[in-house]
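Student: Provided below: protein-v5.csv, containing CSV, C-alpha atoms.
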chain,number,residue,atom,x,y,z
A,1,MET,CA,81.6,80.4,167.9
A,2,GLN,CA,81.1,82.6,164.8
A,3,ILE,CA,78.6,85.5,165.4
A,4,GLU,CA,76.1,85.5,162.5
A,5,LYS,CA,74.4,88.7,161.5
A,6,PRO,CA,70.8,87.4,161.8
A,7,ASP,CA,71.6,86.6,165.5
A,8,ILE,CA,72.3,90.2,166.3
A,9,LEU,CA,69.7,92.8,167.3
A,10,ILE,CA,71.0,96.4,166.8
A,11,ILE,CA,69.4,98.6,169.4
A,12,LEU,CA,69.3,102.4,168.7
A,13,PRO,CA,68.0,104.4,171.7
A,14,ALA,CA,66.6,107.6,170.1
A,15,TYR,CA,65.3,110.8,171.4
A,16,ASN,CA,64.4,113.4,168.8
A,17,GLU,CA,66.7,111.9,166.2
A,18,GLY,CA,64.3,112.4,163.3
A,19,SER,CA,67.0,114.2,161.2
A,20,MET,CA,69.6,111.4,161.5
A,21,ILE,CA,67.8,108.1,162.1
A,22,GLU,CA,67.0,107.3,158.5
A,23,GLU,CA,70.6,107.7,157.5
A,24,VAL,CA,71.8,105.6,160.5
A,25,ILE,CA,69.4,102.8,159.8
A,26,SER,CA,70.3,102.8,156.1
A,27,LYS,CA,74.0,102.5,156.8
A,28,ILE,CA,73.4,99.6,159.2
A,29,ARG,CA,71.4,97.8,156.6
A,30,ASP,CA,74.1,98.4,154.0
A,31,GLU,CA,76.4,96.4,156.3
A,32,GLY,CA,74.0,93.5,156.1
A,33,TYR,CA,72.3,93.8,159.5
A,34,THR,CA,68.5,93.5,159.2
A,35,ASN,CA,67.4,93.2,162.8
A,36,ILE,CA,67.2,96.8,163.9
A,37,CYS,CA,65.2,98.1,166.9
A,38,VAL,CA,64.8,101.8,167.5
A,39,VAL,CA,63.7,102.6,171.1
A,40,ASN,CA,61.8,105.9,170.6
A,41,ASP,CA,62.2,107.6,174.0
A,42,GLY,CA,59.2,109.9,174.0
A,43,SER,CA,60.4,111.9,171.0
A,44,SER,CA,58.4,114.9,170.0
A,45,ASP,CA,59.7,115.0,166.4
A,46,ASP,CA,59.2,112.4,163.6
A,47,THR,CA,61.7,109.9,165.0
A,48,PHE,CA,58.9,107.2,165.1
A,49,GLU,CA,57.7,107.8,161.5
A,50,LYS,CA,61.2,107.9,160.0
A,51,SER,CA,62.3,104.8,162.0
A,52,PHE,CA,59.1,102.9,161.0
A,53,SER,CA,59.3,103.8,157.3
A,54,SER,CA,63.0,102.7,157.3
A,55,GLY,CA,61.9,99.2,158.3
A,56,ALA,CA,63.1,99.2,161.9
A,57,THR,CA,61.1,97.7,164.7
A,58,VAL,CA,60.1,100.6,166.9
A,59,LEU,CA,59.4,100.5,170.6
A,60,THR,CA,58.0,103.7,171.9
A,61,HIS,CA,58.2,105.1,175.4
A,62,ILE,CA,55.0,107.2,175.8
A,63,LYS,CA,57.1,109.6,177.9
A,64,ASN,CA,60.8,110.4,177.8
A,65,ARG,CA,62.6,108.3,180.4
A,66,GLY,CA,66.2,108.6,179.5
A,67,ALA,CA,68.9,106.8,177.6
A,68,GLY,CA,69.3,104.2,180.3
A,69,ALA,CA,65.6,103.3,180.2
A,70,ALA,CA,65.7,103.1,176.4
A,71,VAL,CA,68.7,100.7,176.6
A,72,GLN,CA,66.9,98.6,179.2
A,73,THR,CA,63.8,98.4,177.0
A,74,GLY,CA,65.9,97.3,174.0
A,75,ILE,CA,67.7,94.6,176.0
A,76,SER,CA,64.4,93.3,177.6
A,77,PHE,CA,63.0,93.1,174.1
A,78,ALA,CA,66.0,91.1,172.8
A,79,ARG,CA,65.7,88.8,175.8
A,80,LYS,CA,61.9,88.3,175.1
A,81,ILE,CA,62.4,87.6,171.4
A,82,GLY,CA,65.4,85.4,172.0
A,83,PHE,CA,68.3,87.2,170.3
A,84,GLN,CA,71.7,85.8,171.0
A,85,TYR,CA,73.5,89.1,170.6
A,86,VAL,CA,72.7,92.8,171.0
A,87,VAL,CA,74.6,95.8,169.7
A,88,LEU,CA,74.0,99.1,171.3
A,89,MET,CA,74.7,102.1,169.1
A,90,ASP,CA,74.1,105.8,169.2
A,91,SER,CA,71.4,107.2,166.9
A,92,ASP,CA,73.3,110.4,166.1
A,93,GLY,CA,75.6,108.8,163.5
A,94,GLN,CA,78.6,108.9,165.8
A,95,HIS,CA,79.3,105.2,165.4
A,96,LEU,CA,80.2,103.4,162.3
A,97,PRO,CA,78.3,100.2,161.5
A,98,GLU,CA,81.4,98.7,159.9
A,99,ASP,CA,82.9,98.6,163.4
A,100,ILE,CA,80.2,96.1,164.6
A,101,ASN,CA,82.4,93.5,162.9
A,102,THR,CA,85.3,94.7,165.1
A,103,LEU,CA,83.3,94.2,168.2
A,104,CYS,CA,82.3,90.7,167.1
A,105,LYS,CA,85.9,89.7,166.3
A,106,LYS,CA,87.0,90.8,169.8
A,107,MET,CA,84.1,88.8,171.4
A,108,ASN,CA,85.1,85.7,169.5
A,109,THR,CA,88.8,85.9,170.1
A,110,ASP,CA,88.7,86.9,173.8
A,111,PHE,CA,85.5,85.0,174.7
A,112,ALA,CA,84.1,88.2,176.2
A,113,ASP,CA,80.5,88.6,177.3
A,114,ILE,CA,80.5,92.4,176.7
A,115,VAL,CA,82.7,94.3,174.3
A,116,VAL,CA,82.9,98.1,174.6
A,117,GLY,CA,84.0,100.2,171.7
A,118,ASN,CA,86.9,102.3,172.9
A,119,ARG,CA,87.0,105.6,171.2
A,120,PHE,CA,90.3,106.7,172.7
A,121,ALA,CA,92.3,103.7,171.5
A,122,ALA,CA,91.7,104.5,167.8
A,123,LYS,CA,94.4,107.1,166.8
A,124,GLN,CA,92.4,108.6,163.9
A,125,ASN,CA,89.6,109.7,166.1
A,126,GLU,CA,89.5,113.5,166.6
A,127,ILE,CA,87.8,113.7,170.0
A,128,PRO,CA,87.2,117.3,171.3
A,129,ARG,CA,89.3,118.1,174.3
A,130,HIS,CA,86.4,118.9,176.6
A,131,ARG,CA,84.8,115.6,175.7
A,132,SER,CA,88.1,113.8,176.5
A,133,PHE,CA,88.3,115.7,179.8
A,134,TYR,CA,84.7,114.8,180.9
A,135,ASN,CA,85.2,111.2,179.9
A,136,SER,CA,88.4,111.0,181.9
A,137,ILE,CA,86.6,112.2,185.0
A,138,ALA,CA,83.8,109.6,184.4
A,139,ASN,CA,86.5,106.9,183.8
A,140,VAL,CA,88.2,107.6,187.2
A,141,TYR,CA,84.8,107.6,189.0
A,142,THR,CA,83.5,104.4,187.3
A,143,ASN,CA,86.8,102.6,187.8
A,144,LEU,CA,86.5,103.3,191.6
A,145,PHE,CA,83.7,100.7,191.7
A,146,CYS,CA,85.3,98.3,189.2
A,147,LYS,CA,88.1,95.7,189.6
A,148,ASN,CA,89.4,96.4,186.0
A,149,ASN,CA,90.6,99.7,184.7
A,150,TYR,CA,88.5,100.7,181.7
A,151,ILE,CA,89.6,103.3,179.2
A,152,ASP,CA,86.2,104.3,177.8
A,153,THR,CA,83.5,103.8,180.4
A,154,GLN,CA,81.0,106.1,178.7
A,155,SER,CA,81.0,104.6,175.2
A,156,GLY,CA,77.5,103.7,174.0
A,157,PHE,CA,78.8,101.4,171.4
A,158,ARG,CA,78.7,97.9,172.9
A,159,LEU,CA,78.2,94.3,172.0
A,160,LEU,CA,76.5,91.9,174.5
A,161,ASN,CA,76.1,88.2,174.2
A,162,ARG,CA,73.2,86.1,175.5
A,163,LYS,CA,74.7,85.6,178.9
A,164,ALA,CA,75.0,89.4,179.4
A,165,ILE,CA,71.5,89.9,178.0
A,166,ASP,CA,70.1,87.4,180.5
A,167,ASN,CA,72.1,88.5,183.5
A,168,LEU,CA,72.2,92.3,183.3
A,169,ASN,CA,69.3,93.9,185.2
A,170,LEU,CA,70.1,97.6,184.9
A,171,LYS,CA,68.4,100.2,187.0
A,172,SER,CA,69.7,103.6,185.8
A,173,ARG,CA,67.4,105.4,183.5
A,174,ASP,CA,69.8,108.1,182.6
A,175,PHE,CA,73.3,108.0,181.1
A,176,GLY,CA,74.5,106.3,184.3
A,177,PHE,CA,73.7,103.0,182.5
A,178,CYS,CA,77.2,103.2,180.8
A,179,SER,CA,78.9,102.9,184.2
A,180,GLU,CA,76.3,100.8,185.8
A,181,MET,CA,76.6,98.2,183.0
A,182,LEU,CA,80.3,97.7,183.7
A,183,ILE,CA,79.9,97.6,187.5
A,184,ALA,CA,77.0,95.1,187.2
A,185,ALA,CA,78.8,93.0,184.6
A,186,GLU,CA,81.7,92.5,187.1
A,187,ARG,CA,79.3,91.7,189.9
A,188,ASN,CA,77.7,89.0,187.7
A,189,GLN,CA,81.1,87.6,186.7
A,190,LEU,CA,80.8,88.6,183.1
A,191,GLN,CA,83.9,89.3,181.1
A,192,VAL,CA,84.2,92.8,179.7
A,193,ASP,CA,86.7,93.8,177.0
A,194,GLU,CA,87.4,96.9,175.0
A,195,THR,CA,88.4,97.3,171.4
A,196,PRO,CA,89.2,100.4,169.3
A,197,VAL,CA,86.4,101.8,167.3
A,198,ARG,CA,86.1,104.9,165.1
A,199,VAL,CA,83.9,107.8,166.0
A,200,ILE,CA,82.6,110.7,163.9
A,201,TYR,CA,81.9,114.0,165.8
A,202,THR,CA,79.7,116.5,164.0
A,203,GLU,CA,78.2,119.7,165.2
A,204,TYR,CA,74.9,117.7,165.5
A,205,SER,CA,76.3,114.8,167.5
A,206,LEU,CA,78.3,117.2,169.8
A,207,GLY,CA,75.1,118.8,170.8
A,208,LYS,CA,73.8,115.4,172.0
A,209,GLY,CA,74.8,113.2,174.9
A,210,GLN,CA,76.3,114.2,178.2
A,211,ASN,CA,77.7,117.5,179.5
A,212,LEU,CA,79.3,118.4,182.8
A,213,PHE,CA,76.1,119.1,184.6
A,214,VAL,CA,74.5,115.9,183.3
A,215,GLY,CA,77.7,114.1,184.3
A,216,PHE,CA,77.5,115.4,187.8
A,217,LYS,CA,73.9,114.3,188.2
A,218,THR,CA,74.8,110.9,186.8
A,219,ALA,CA,77.7,110.5,189.2
A,220,MET,CA,75.4,111.3,192.2
A,221,SER,CA,72.8,108.9,190.9
A,222,ILE,CA,75.4,106.1,190.6
A,223,PHE,CA,76.6,106.8,194.1
A,224,TRP,CA,73.1,106.8,195.6
A,225,ARG,CA,72.3,103.5,193.8
A,226,ILE,CA,75.4,101.7,195.1
A,227,VAL,CA,75.1,103.0,198.7
A,228,PHE,CA,71.4,103.1,199.4
A,229,ASP,CA,69.5,101.0,196.8
B,1,MET,CA,51.0,129.2,234.6
B,2,GLU,CA,51.7,132.1,232.2
B,3,PHE,CA,50.8,131.2,228.6
B,4,ARG,CA,52.9,132.5,225.6
B,5,LEU,CA,51.2,133.1,222.3
B,6,PHE,CA,52.3,129.9,220.6
B,7,GLN,CA,51.0,127.9,223.7
B,8,ILE,CA,47.5,129.2,222.7
B,9,ILE,CA,47.7,129.0,218.9
B,10,ILE,CA,49.2,125.5,218.7
B,11,PRO,CA,46.6,123.8,221.0
B,12,LEU,CA,43.8,125.6,219.2
B,13,PHE,CA,45.1,124.5,215.8
B,14,ALA,CA,45.4,120.9,217.2
B,15,CYS,CA,41.8,121.0,218.2
B,16,ILE,CA,40.8,121.8,214.6
B,17,ILE,CA,42.9,118.8,213.5
B,18,PHE,CA,41.2,116.5,216.1
B,19,TYR,CA,37.8,117.6,215.0
B,20,ARG,CA,38.6,117.2,211.3
B,21,GLN,CA,40.1,113.7,211.9
B,22,PHE,CA,37.2,112.5,214.0
B,23,TYR,CA,34.8,113.7,211.2
B,24,ARG,CA,36.9,111.8,208.6
B,25,TYR,CA,36.8,108.7,210.8
B,26,LYS,CA,33.0,108.9,211.2
B,27,LYS,CA,32.6,109.3,207.5
B,28,SER,CA,34.9,106.3,206.9
B,29,LYS,CA,37.3,108.5,204.9
B,30,SER,CA,40.1,107.5,207.4
B,31,GLY,CA,40.9,104.3,209.1
B,32,GLY,CA,41.2,103.7,212.8
B,33,TYR,CA,45.0,103.2,212.8
B,34,GLU,CA,45.6,106.4,210.8
B,35,THR,CA,43.3,108.3,213.2
B,36,ILE,CA,45.1,107.1,216.3
B,37,LEU,CA,48.5,108.0,214.6
B,38,ILE,CA,47.4,111.5,213.7
B,39,ILE,CA,45.7,112.2,217.2
B,40,SER,CA,48.8,110.9,218.9
B,41,PHE,CA,51.2,113.0,216.8
B,42,TRP,CA,49.2,116.2,217.5
B,43,LEU,CA,48.8,115.4,221.2
B,44,GLY,CA,52.6,115.2,221.3
B,45,VAL,CA,52.9,118.6,219.5
B,46,VAL,CA,50.5,120.1,222.1
B,47,ALA,CA,52.4,118.6,225.0
B,48,ILE,CA,55.7,120.0,223.7
B,49,ALA,CA,54.0,123.4,223.1
B,50,LEU,CA,52.5,123.5,226.7
B,51,PHE,CA,55.7,122.3,228.4
B,52,PRO,CA,58.6,123.3,226.1
B,53,ASP,CA,61.3,123.6,228.8
B,54,TYR,CA,60.5,120.2,230.3
B,55,PHE,CA,60.7,118.4,227.0
B,56,SER,CA,63.8,120.2,225.8
B,57,LYS,CA,65.6,119.2,229.0
B,58,VAL,CA,64.4,115.6,228.5
B,59,ILE,CA,65.8,115.5,224.9
B,60,ALA,CA,69.1,117.1,226.2
B,61,SER,CA,69.5,114.5,228.9
B,62,ILE,CA,68.8,111.6,226.6
B,63,PHE,CA,71.2,112.7,223.8
B,64,GLY,CA,73.9,114.1,226.2
B,65,PHE,CA,73.6,117.8,225.2
B,66,LYS,CA,74.6,120.3,227.9
B,67,ASP,CA,72.4,123.0,226.4
B,68,ASN,CA,68.7,122.1,226.0
B,69,VAL,CA,68.2,124.6,223.2
B,70,ASN,CA,71.0,123.0,221.1
B,71,ALA,CA,69.4,119.6,221.8
B,72,VAL,CA,66.1,120.7,220.4
B,73,ILE,CA,67.8,122.3,217.3
B,74,PHE,CA,69.9,119.3,216.5
B,75,PHE,CA,67.1,116.8,217.2
B,76,SER,CA,64.8,118.8,214.9
B,77,LEU,CA,67.5,118.9,212.2
B,78,GLY,CA,68.0,115.2,212.5
B,79,LEU,CA,64.3,114.6,212.2
B,80,LEU,CA,64.1,116.8,209.1
B,81,PHE,CA,67.0,115.1,207.4
B,82,TYR,CA,65.4,111.7,208.1
B,83,PHE,CA,62.0,112.7,206.6
B,84,GLN,CA,63.8,114.3,203.6
B,85,PHE,CA,65.7,111.1,203.1
B,86,LYS,CA,62.5,109.0,203.3
B,87,LEU,CA,60.7,111.3,200.9
B,88,TYR,CA,63.5,111.1,198.4
B,89,ARG,CA,63.5,107.3,198.5
B,90,MET,CA,59.7,107.3,197.9
B,91,ILE,CA,60.1,109.6,194.9
B,92,ARG,CA,62.8,107.4,193.4
B,93,ARG,CA,60.6,104.3,193.9
B,94,GLN,CA,57.6,106.1,192.2
B,95,ASP,CA,59.9,107.2,189.4
B,96,LYS,CA,61.1,103.6,188.9
B,97,LEU,CA,57.6,102.3,188.9
B,98,GLN,CA,56.6,104.8,186.2
B,99,THR,CA,59.6,103.9,184.1
B,100,ASP,CA,58.8,100.2,184.5
B,101,ILE,CA,55.2,100.7,183.3
B,102,ILE,CA,56.3,102.9,180.3
B,103,ARG,CA,58.9,100.3,179.3
B,104,LYS,CA,56.4,97.4,179.6
B,105,ILE,CA,54.0,99.2,177.3
B,106,ALA,CA,56.8,99.8,174.8
B,107,ILE,CA,57.9,96.1,174.8
B,108,ASP,CA,54.4,94.8,174.5
B,109,ASN,CA,53.6,97.0,171.6
B,110,PRO,CA,56.4,96.9,169.0
B,111,ALA,CA,55.7,98.7,165.7
B,112,GLU,CA,56.9,96.5,162.9
B,113,ASN,CA,56.7,97.6,159.3
B,114,LYS,CA,55.9,94.4,157.5
B,115,ASP,CA,55.7,96.1,154.1
B,116,ARG,CA,59.4,96.8,154.2
B,117,THR,CA,61.6,93.8,153.5
Go ahead and express the file in the form of C-alpha cells.
Tutor:
Amino acid sequence: MQIEKPDILIILPAYNEGSMIEEVISKIRDEGYTNICVVNDGSSDDTFEKSFSSGATVLTHIKNRGAGAAVQTGISFARKIGFQYVVLMDSDGQHLPEDINTLCKKMNTDFADIVVGNRFAAKQNEIPRHRSFYNSIANVYTNLFCKNNYIDTQSGFRLLNRKAIDNLNLKSRDFGFCSEMLIAAERNQLQVDETPVRVIYTEYSLGKGQNLFVGFKTAMSIFWRIVFD
Amino acid sequence: MEFRLFQIIIPLFACIIFYRQFYRYKKSKSGGYETILIISFWLGVVAIALFPDYFSKVIASIFGFKDNVNAVIFFSLGLLFYFQFKLYRMIRRQDKLQTDIIRKIAIDNPAENKDRT
C-alpha cells in the first residue's frame, strides 16, 4: 500500500532548538509534508514560538522530561488523532527530509512495521569516530536483548506504521527509547528493518544528543527496566 | 544488670517517640494501624538495645553465622539494601507518574497555528 504524505505525522522532539527548528520545519514542508508536530520538551528558549510561527502543531511539556518522553507524547498524539504513519526526526537538522521517502519505500517493499534510518550504511556519511565508537557499544548492548542484529540502534530517524503506533507502549523517558523501541517491537511481533539514510553533522548537532556518561546512565536504565519493572 | 550508655539513650529516645505517636493518634493525625506499627518497631529497637547479645546470637543461629557480630553486620546490610531498593522503586514510580501527567497535559493542549496554511 502506497504511503501518502497526508497520512504521515512528522514528530520533532525538541529541547532548546530555537536556533534550528524553523529551518528544519521549512525543509520538511519543502518536501511536501504538512503534518508536523513539535514536542517542546520544557524548552527555556524560543522553541515554542519559532515552531508555532512556522505552522507546526506544538505539544509542550511544562517541564523537561527527556527525549523518550517527548517521543511517547508524539506517538500518543498520533494515535489519538488517527494518523496512519509517524516519522520521528531529530530537531537539530541532522536528518534530511528527502530521506523520509527512502524510509517509506523500505516499508512498502519489505512490509515492515518500523523502519530505522541506518546512518552507518550510507557511505557518504562522515560520522565522527567517537560517535561511531559510542554507537557500536550501544549496538552490542541493545542487540543482547534482541533476536535480530541491528546496525544502528540509536538512530532517531524512524518510520512507524499504525500497527507500531498502536502496539508500542514505551516507558523510557530518556534516550533509552531508541533501544527500548527495538526490544519492545520484537516482543510485540513487529517487523523492524533498517535502510541507509544520510546524516549531516555540524558543530551544533554534535553538541546535542548522547555522550558516554548519558549512554552509561541509559544502559543502566534499560537493564533495570528489563529486570525489575 | 550493668547498663551501657546506648542502653539508656535509645530507650529514652523511644519514649519520646511513643509520647509523640500517642499524641498524634489522639489528635487524629495518625491512624491506629500506623500507630501500632511505629510502637512495635521502636519496642523492637528498645529490646535489641537492652539485650544486644541475646538478639545477635538469635540472628546468628537463624542465618547460620558462627560469629554473632558478623550476623548483625550482614543482617543490617541486607536490610539497608532492601530499603534502598524499595526507595529507588518508589522514586521511579513517582517520576513516571509525573511524566505521565506532564505528557497528558501536553497532548490535551496542542497549540495549532490556524493562521498559517
Student: Using all atoms listed in the file - which residues lie no farther than 8 Å from the point (57.5, 102.5, 179.1) in the file's frame? Write them as a list in words.
Tutor: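 Here is the list of nearby residues: Thr60, His61, Ile62, Lys63, Arg65 and Thr73 of chain A; Gln98, Thr99, Asp100, Ile101, Ile102, Arg103, Lys104, Ile105, Ala106 and Ile107 of chain B.
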Student: Report, in Å to a single decimal, how far apart atom CA of A:Pro97 and atom CA of A:Lys27 are.
Tutor: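 Going from atom CA of A:Lys27 over to atom CA of A:Pro97, I get 6.8 Å.
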Student: How close does chain A get to chain B? List, as a tab-separated table, each residue of chain A within 12 Å, its nearest atom pair and the distance in Å to one decimal, counting only C-alpha atoms.
Tutor:
residue	atom	partner	partner_atom	distance
A:Arg29	CA	B:Thr117	CA	11.0
A:Thr34	CA	B:Thr117	CA	9.0
A:Asn35	CA	B:Thr117	CA	11.0
A:Ile36	CA	B:Glu112	CA	10.4
A:Cys37	CA	B:Pro110	CA	9.1
A:Val38	CA	B:Ala111	CA	9.8
A:Val39	CA	B:Ala106	CA	8.3
A:Asn40	CA	B:Ala106	CA	8.9
A:Asp41	CA	B:Ala106	CA	9.5
A:Gly42	CA	B:Ile102	CA	9.9
A:Phe48	CA	B:Ala111	CA	9.1
A:Glu49	CA	B:Ala111	CA	10.2
A:Lys50	CA	B:Asn113	CA	11.3
A:Ser51	CA	B:Asn113	CA	9.5
A:Phe52	CA	B:Asn113	CA	6.1
A:Ser53	CA	B:Asn113	CA	7.0
A:Ser54	CA	B:Arg116	CA	7.6
A:Gly55	CA	B:Arg116	CA	5.4
A:Ala56	CA	B:Glu112	CA	6.8
A:Thr57	CA	B:Glu112	CA	4.7
A:Val58	CA	B:Ala111	CA	4.9
A:Leu59	CA	B:Pro110	CA	5.0
A:Thr60	CA	B:Ala106	CA	5.0
A:His61	CA	B:Ala106	CA	5.5
A:Ile62	CA	B:Ile102	CA	6.4
A:Lys63	CA	B:Ile102	CA	7.2
A:Asn64	CA	B:Ile102	CA	9.1
A:Arg65	CA	B:Thr99	CA	6.5
A:Gly66	CA	B:Thr99	CA	9.3
A:Ala67	CA	B:Thr99	CA	11.7
A:Gly68	CA	B:Thr99	CA	10.4
A:Ala69	CA	B:Thr99	CA	7.2
A:Ala70	CA	B:Arg103	CA	7.9
A:Val71	CA	B:Arg103	CA	10.2
A:Gln72	CA	B:Arg103	CA	8.2
A:Thr73	CA	B:Arg103	CA	5.7
A:Gly74	CA	B:Ile107	CA	8.1
A:Ile75	CA	B:Ile107	CA	10.0
A:Ser76	CA	B:Ile107	CA	7.6
A:Phe77	CA	B:Ile107	CA	6.0
A:Ala78	CA	B:Ile107	CA	9.7
A:Arg79	CA	B:Ile107	CA	10.7
A:Lys80	CA	B:Ile107	CA	8.8
A:Ile81	CA	B:Ile107	CA	10.2
A:Leu170	CA	B:Lys96	CA	11.5
A:Lys171	CA	B:Lys96	CA	8.3
A:Ser172	CA	B:Lys96	CA	9.1
A:Arg173	CA	B:Thr99	CA	8.0
A:Asp174	CA	B:Thr99	CA	11.1
A:Ser221	CA	B:Arg92	CA	10.4
A:Trp224	CA	B:Arg89	CA	10.0
A:Arg225	CA	B:Arg92	CA	10.3
A:Phe228	CA	B:Arg89	CA	9.0
A:Asp229	CA	B:Arg89	CA	8.9
Student: Could you save the residues just selected, with C-alpha atoms, as a CSV table (one decimal), in the frame of the given file?
Tutor:
chain,number,residue,atom,x,y,z
A,29,ARG,CA,71.4,97.8,156.6
A,34,THR,CA,68.5,93.5,159.2
A,35,ASN,CA,67.4,93.2,162.8
A,36,ILE,CA,67.2,96.8,163.9
A,37,CYS,CA,65.2,98.1,166.9
A,38,VAL,CA,64.8,101.8,167.5
A,39,VAL,CA,63.7,102.6,171.1
A,40,ASN,CA,61.8,105.9,170.6
A,41,ASP,CA,62.2,107.6,174.0
A,42,GLY,CA,59.2,109.9,174.0
A,48,PHE,CA,58.9,107.2,165.1
A,49,GLU,CA,57.7,107.8,161.5
A,50,LYS,CA,61.2,107.9,160.0
A,51,SER,CA,62.3,104.8,162.0
A,52,PHE,CA,59.1,102.9,161.0
A,53,SER,CA,59.3,103.8,157.3
A,54,SER,CA,63.0,102.7,157.3
A,55,GLY,CA,61.9,99.2,158.3
A,56,ALA,CA,63.1,99.2,161.9
A,57,THR,CA,61.1,97.7,164.7
A,58,VAL,CA,60.1,100.6,166.9
A,59,LEU,CA,59.4,100.5,170.6
A,60,THR,CA,58.0,103.7,171.9
A,61,HIS,CA,58.2,105.1,175.4
A,62,ILE,CA,55.0,107.2,175.8
A,63,LYS,CA,57.1,109.6,177.9
A,64,ASN,CA,60.8,110.4,177.8
A,65,ARG,CA,62.6,108.3,180.4
A,66,GLY,CA,66.2,108.6,179.5
A,67,ALA,CA,68.9,106.8,177.6
A,68,GLY,CA,69.3,104.2,180.3
A,69,ALA,CA,65.6,103.3,180.2
A,70,ALA,CA,65.7,103.1,176.4
A,71,VAL,CA,68.7,100.7,176.6
A,72,GLN,CA,66.9,98.6,179.2
A,73,THR,CA,63.8,98.4,177.0
A,74,GLY,CA,65.9,97.3,174.0
A,75,ILE,CA,67.7,94.6,176.0
A,76,SER,CA,64.4,93.3,177.6
A,77,PHE,CA,63.0,93.1,174.1
A,78,ALA,CA,66.0,91.1,172.8
A,79,ARG,CA,65.7,88.8,175.8
A,80,LYS,CA,61.9,88.3,175.1
A,81,ILE,CA,62.4,87.6,171.4
A,170,LEU,CA,70.1,97.6,184.9
A,171,LYS,CA,68.4,100.2,187.0
A,172,SER,CA,69.7,103.6,185.8
A,173,ARG,CA,67.4,105.4,183.5
A,174,ASP,CA,69.8,108.1,182.6
A,221,SER,CA,72.8,108.9,190.9
A,224,TRP,CA,73.1,106.8,195.6
A,225,ARG,CA,72.3,103.5,193.8
A,228,PHE,CA,71.4,103.1,199.4
A,229,ASP,CA,69.5,101.0,196.8
Student: What lies within 10 Å of B:Phe75 using all atoms listed in the file, ignoring chain neighbours under 4 positions off, as number ranges by chain?
Tutor: B: 56, 59-60, 63, 69-71, 79-81
Student: Can you work out which one of A:Ile21, A:Ile137, A:Leu88, A:Ile222 has the shortest atom-to-atom distance to A:Asp152, counting only C-alpha atoms?
Tutor: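 Smallest separation from A:Asp152 among the options: A:Ile137.
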Student: Which is closer to A:Ala185 than all the others in A:Ile151, A:Met89, A:Ile28, A:Ala112, using all atoms listed in the file?
Tutor: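 Using all atoms listed in the file, A:Ala185 sits closest to A:Ala112.
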Student: Find, counting all atoms listed in the file, the residue in B:Leu50, B:Lys29, B:Gly44, B:Tyr23 that gets nearest to B:Arg4.
Tutor: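 That would be B:Leu50, the residue with the smallest distance to B:Arg4.
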Student: Neighbouring residues of stretch 162-168 of chain A were defined as those with any atom within 6 Å, considering only C-alpha atoms; residues of the same chain fewer than 3 positions away were excluded. Please report them as a VMD selection string.
Tutor: chain A and resid 84 to 85 113
Student: What is the atom CA of A:Ser136-atom CA of A:Leu159 distance in Å, reported with one decimal?
Tutor: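 Distance reported for this atom pair: 21.9 Å.
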Student: What separation in Å, quoted to one decimal, exists between atom CA of B:Phe13 and atom CA of B:Thr35?
Tutor: 16.5 Å
Student: List the spatial neighbours of B:Arg20 as JSON, numbers by chain - criterion: any atom at most 12 Å away, all atoms listed in the file, same-chain residues fewer than 5 positions off excluded.
Tutor: {"B": [13, 14, 15, 25, 26, 27, 29, 30, 35, 38, 39]}
Student: When distances are computed from only C-alpha atoms, which of A:Ser179, A:Thr102, A:Asn125, A:Gln2 shows the smallest separation from A:Val140?
Tutor: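 Closest to A:Val140, using only C-alpha atoms: A:Ser179.
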Student: Would you list the residues near (83.5, 89.1, 171.1) (no more than 12 Å away, in the coordinates of the file, using only C-alpha atoms) as a PDB file with C-alpha atoms, keeping the file's coordinate frame?
Tutor:
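Printed below is part.pdb as written:
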ATOM      1  CA  MET A   1      81.600  80.400 167.900  1.00  0.00           C
ATOM      2  CA  GLN A   2      81.100  82.600 164.800  1.00  0.00           C
ATOM      3  CA  ILE A   3      78.600  85.500 165.400  1.00  0.00           C
ATOM      4  CA  GLU A   4      76.100  85.500 162.500  1.00  0.00           C
ATOM      5  CA  TYR A  85      73.500  89.100 170.600  1.00  0.00           C
ATOM      6  CA  VAL A  86      72.700  92.800 171.000  1.00  0.00           C
ATOM      7  CA  VAL A  87      74.600  95.800 169.700  1.00  0.00           C
ATOM      8  CA  ILE A 100      80.200  96.100 164.600  1.00  0.00           C
ATOM      9  CA  ASN A 101      82.400  93.500 162.900  1.00  0.00           C
ATOM     10  CA  THR A 102      85.300  94.700 165.100  1.00  0.00           C
ATOM     11  CA  LEU A 103      83.300  94.200 168.200  1.00  0.00           C
ATOM     12  CA  CYS A 104      82.300  90.700 167.100  1.00  0.00           C
ATOM     13  CA  LYS A 105      85.900  89.700 166.300  1.00  0.00           C
ATOM     14  CA  LYS A 106      87.000  90.800 169.800  1.00  0.00           C
ATOM     15  CA  MET A 107      84.100  88.800 171.400  1.00  0.00           C
ATOM     16  CA  ASN A 108      85.100  85.700 169.500  1.00  0.00           C
ATOM     17  CA  THR A 109      88.800  85.900 170.100  1.00  0.00           C
ATOM     18  CA  ASP A 110      88.700  86.900 173.800  1.00  0.00           C
ATOM     19  CA  PHE A 111      85.500  85.000 174.700  1.00  0.00           C
ATOM     20  CA  ALA A 112      84.100  88.200 176.200  1.00  0.00           C
ATOM     21  CA  ASP A 113      80.500  88.600 177.300  1.00  0.00           C
ATOM     22  CA  ILE A 114      80.500  92.400 176.700  1.00  0.00           C
ATOM     23  CA  VAL A 115      82.700  94.300 174.300  1.00  0.00           C
ATOM     24  CA  VAL A 116      82.900  98.100 174.600  1.00  0.00           C
ATOM     25  CA  GLY A 117      84.000 100.200 171.700  1.00  0.00           C
ATOM     26  CA  ARG A 158      78.700  97.900 172.900  1.00  0.00           C
ATOM     27  CA  LEU A 159      78.200  94.300 172.000  1.00  0.00           C
ATOM     28  CA  LEU A 160      76.500  91.900 174.500  1.00  0.00           C
ATOM     29  CA  ASN A 161      76.100  88.200 174.200  1.00  0.00           C
ATOM     30  CA  ARG A 162      73.200  86.100 175.500  1.00  0.00           C
ATOM     31  CA  ALA A 164      75.000  89.400 179.400  1.00  0.00           C
ATOM     32  CA  GLN A 191      83.900  89.300 181.100  1.00  0.00           C
ATOM     33  CA  VAL A 192      84.200  92.800 179.700  1.00  0.00           C
ATOM     34  CA  ASP A 193      86.700  93.800 177.000  1.00  0.00           C
ATOM     35  CA  GLU A 194      87.400  96.900 175.000  1.00  0.00           C
ATOM     36  CA  THR A 195      88.400  97.300 171.400  1.00  0.00           C
TER      37      THR A 195
END
